[in-house]
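Below is one structure, written out as structure tokens; comments come after it.
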Amino acid sequence: AFGDGRHATTRLCAKLMRSIYDTQTPASVLDIGTGTGILAILAEKWGSKKIDAVDIDPQSVQKTKENLARNACVITTTYEANIIQDCPAKTYDLVIANILTDVIEKSIDNIISACKKGGVIVFSGISKPRRASMLALFKNKGLDIETCIDMDGWLGIQATK
């Protein structure tokens, strides 16, 4: 499963999350494309009270469950879901979408729908050459871009709904 914490996209998400948690603790978090669950684990360790971690890959879901247990995380729920097809039934204070650019484009409406008004979305998995088109997409969808950082050819973007 993807997401051992060493890839730039995971590090970008963790960095953006840390800056959010430094000012306020989101009560509810959705980790889309959870991989091994590292970002969901951080959300729980940093104090969020409701975390859902989803992935399209059943092996990732299983690995996340194992890593949650290994890290004594008891609040986080993980399940299999396809964000392109499945719009989450709940809304969250923080939505983390560490998924490939093409998947973000195909699922942008579902990602935005999962975020509460005034909530924050952290995007990563966006290659640097796609910066302008993705920022334009987010703005066209009514998101306010708060931060855009790059690392090793990848972007991390924090937006407010």
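Note on naming: chains are A, B, ... as they come in the structure tokens, residues start from 1 per chain, ligands start from 1 in the order shown.
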Could you list, with a cut-off of 9 Å and counting only C-alpha atoms, the residues of stretch 13-53 of chain A near stretch 101-122 of chain A, each shown with its nearest atom pair and the distance in Å rounded to one decimal, rows sorted by chain and ascending number, as CSV?
residue,atom,partner,partner_atom,distance
A:Cys13,CA,A:Val122,CA,6.6
A:Leu16,CA,A:Val122,CA,7.1
A:Met17,CA,A:Val122,CA,7.6
A:Ile20,CA,A:Val120,CA,8.7
A:Pro26,CA,A:Gly119,CA,8.6
A:Leu30,CA,A:Ala114,CA,8.0
A:Ile32,CA,A:Ile111,CA,8.6
With N, CA and C atoms retained, write the just-selected residues as a PDB file, in the first residue's frame.
ATOM      1  N   CYS A  13       1.343  16.605   2.594  1.00  0.00           N
ATOM      2  CA  CYS A  13       0.091  16.568   3.349  1.00  0.00           C
ATOM      3  C   CYS A  13       0.349  16.718   4.836  1.00  0.00           C
ATOM      4  N   LEU A  16       1.215  20.345   5.643  1.00  0.00           N
ATOM      5  CA  LEU A  16       0.041  21.220   5.610  1.00  0.00           C
ATOM      6  C   LEU A  16      -0.891  20.918   6.783  1.00  0.00           C
ATOM      7  N   MET A  17      -1.066  19.640   7.094  1.00  0.00           N
ATOM      8  CA  MET A  17      -1.892  19.265   8.243  1.00  0.00           C
ATOM      9  C   MET A  17      -1.333  19.863   9.532  1.00  0.00           C
ATOM     10  N   ILE A  20      -2.270  23.345  10.032  1.00  0.00           N
ATOM     11  CA  ILE A  20      -3.683  23.474  10.410  1.00  0.00           C
ATOM     12  C   ILE A  20      -3.843  23.165  11.891  1.00  0.00           C
ATOM     13  N   PRO A  26      -9.148  20.157  13.836  1.00  0.00           N
ATOM     14  CA  PRO A  26     -10.397  19.792  13.164  1.00  0.00           C
ATOM     15  C   PRO A  26     -11.065  18.640  13.917  1.00  0.00           C
ATOM     16  N   LEU A  30     -11.587  13.423   6.953  1.00  0.00           N
ATOM     17  CA  LEU A  30     -11.711  12.375   5.949  1.00  0.00           C
ATOM     18  C   LEU A  30     -10.391  12.280   5.215  1.00  0.00           C
ATOM     19  N   ILE A  32      -8.829  10.621   2.162  1.00  0.00           N
ATOM     20  CA  ILE A  32      -9.159   9.949   0.898  1.00  0.00           C
ATOM     21  C   ILE A  32      -7.876   9.403   0.281  1.00  0.00           C
TER      22      ILE A  32
END
Selection: 9 Å around A:Thr25, only C-alpha atoms, excl. self and same-chain fewer than 3 positions, as number ranges by chain: A: 20-22, 28, 43, 46-48
Picked from chain A by DSSP as alpha helix (DSSP H), as number ranges by chain: A: 8-23, 38-45, 58-70, 101-113, 131-140
Neighbour list for A:Arg6 as a list in words, cut-off 12 Å, only C-alpha atoms, skip fewer than 5 positions in-chain: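 Those residues are Arg11, Leu12, Cys13, Ala14, Thr36, Ile38, Met151 and Asp152 of chain A.
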For those residues, write C-alpha atoms to a file as a PDB file, in the first residue's frame.
ATOM      1  CA  ARG A  11       5.175  14.656   3.467  1.00  0.00           C
ATOM      2  CA  LEU A  12       3.415  17.631   1.851  1.00  0.00           C
ATOM      3  CA  CYS A  13       0.091  16.568   3.349  1.00  0.00           C
ATOM      4  CA  ALA A  14       1.647  16.056   6.769  1.00  0.00           C
ATOM      5  CA  THR A  36      -1.287   2.809   4.853  1.00  0.00           C
ATOM      6  CA  ILE A  38      -0.347   7.447   8.086  1.00  0.00           C
ATOM      7  CA  MET A 151       8.505  19.308  -3.035  1.00  0.00           C
ATOM      8  CA  ASP A 152      10.366  17.009  -5.420  1.00  0.00           C
TER       9      ASP A 152
END
Spatial neighbours of A:Asp52, max dist 8 Å, only C-alpha atoms, sep filter under 5 positions, as an NGL selection string: :A and (29-31 or 40 or 76-79)
Written selection (C-alpha atoms) as a PDB file, in the first residue's frame:
ATOM      1  CA  VAL A  29     -11.329  14.344   9.167  1.00  0.00           C
ATOM      2  CA  LEU A  30     -11.711  12.375   5.949  1.00  0.00           C
ATOM      3  CA  ASP A  31      -8.513  10.836   4.551  1.00  0.00           C
ATOM      4  CA  ALA A  40      -5.310   9.363   9.486  1.00  0.00           C
ATOM      5  CA  THR A  76     -10.419   6.110  13.175  1.00  0.00           C
ATOM      6  CA  THR A  77     -12.733   4.097  10.944  1.00  0.00           C
ATOM      7  CA  THR A  78     -11.476   2.733   7.648  1.00  0.00           C
ATOM      8  CA  TYR A  79     -13.378   1.336   4.717  1.00  0.00           C
TER       9      TYR A  79
END
Coordinates-based distance that separates atom CA of A:Thr160 from atom CA of A:Gly142 (Å, one decimal): 8.9 Å
Pairwise distance for atom CA of A:Ile75 and atom CA of A:Glu44, rounded to one decimal in Å: 7.1 Å
Residue with smallest distance to A:Ser60 - pool A:Ala81, A:Leu42, A:Ile157, A:Ala89, counting only C-alpha atoms: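 For A:Ser60, the nearest of the candidates is A:Ala81.
If you measure from each of A:Thr9, A:Ser19, A:Gln158, A:Asn71 to A:Ile99 using only C-alpha atoms, the closest one turns out to be A:Thr9.
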Å distance separating atom CA of A:Cys148 from atom CA of A:His7, one decimal place: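 Between these atoms lies a distance of 17.3 Å.
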Among the residues A:Val95, A:Ala136, A:Ala159, A:Ile56, the one that comes closest to A:Leu39 [using only C-alpha atoms]: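 Counting only C-alpha atoms, the residue closest to A:Leu39 is A:Val95.
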Members of chain A assigned strand (DSSP E or B) by DSSP, as an NGL selection string: :A and (28-32 or 50-55 or 77-80 or 92-98 or 115-127 or 144-151 or 154-160)
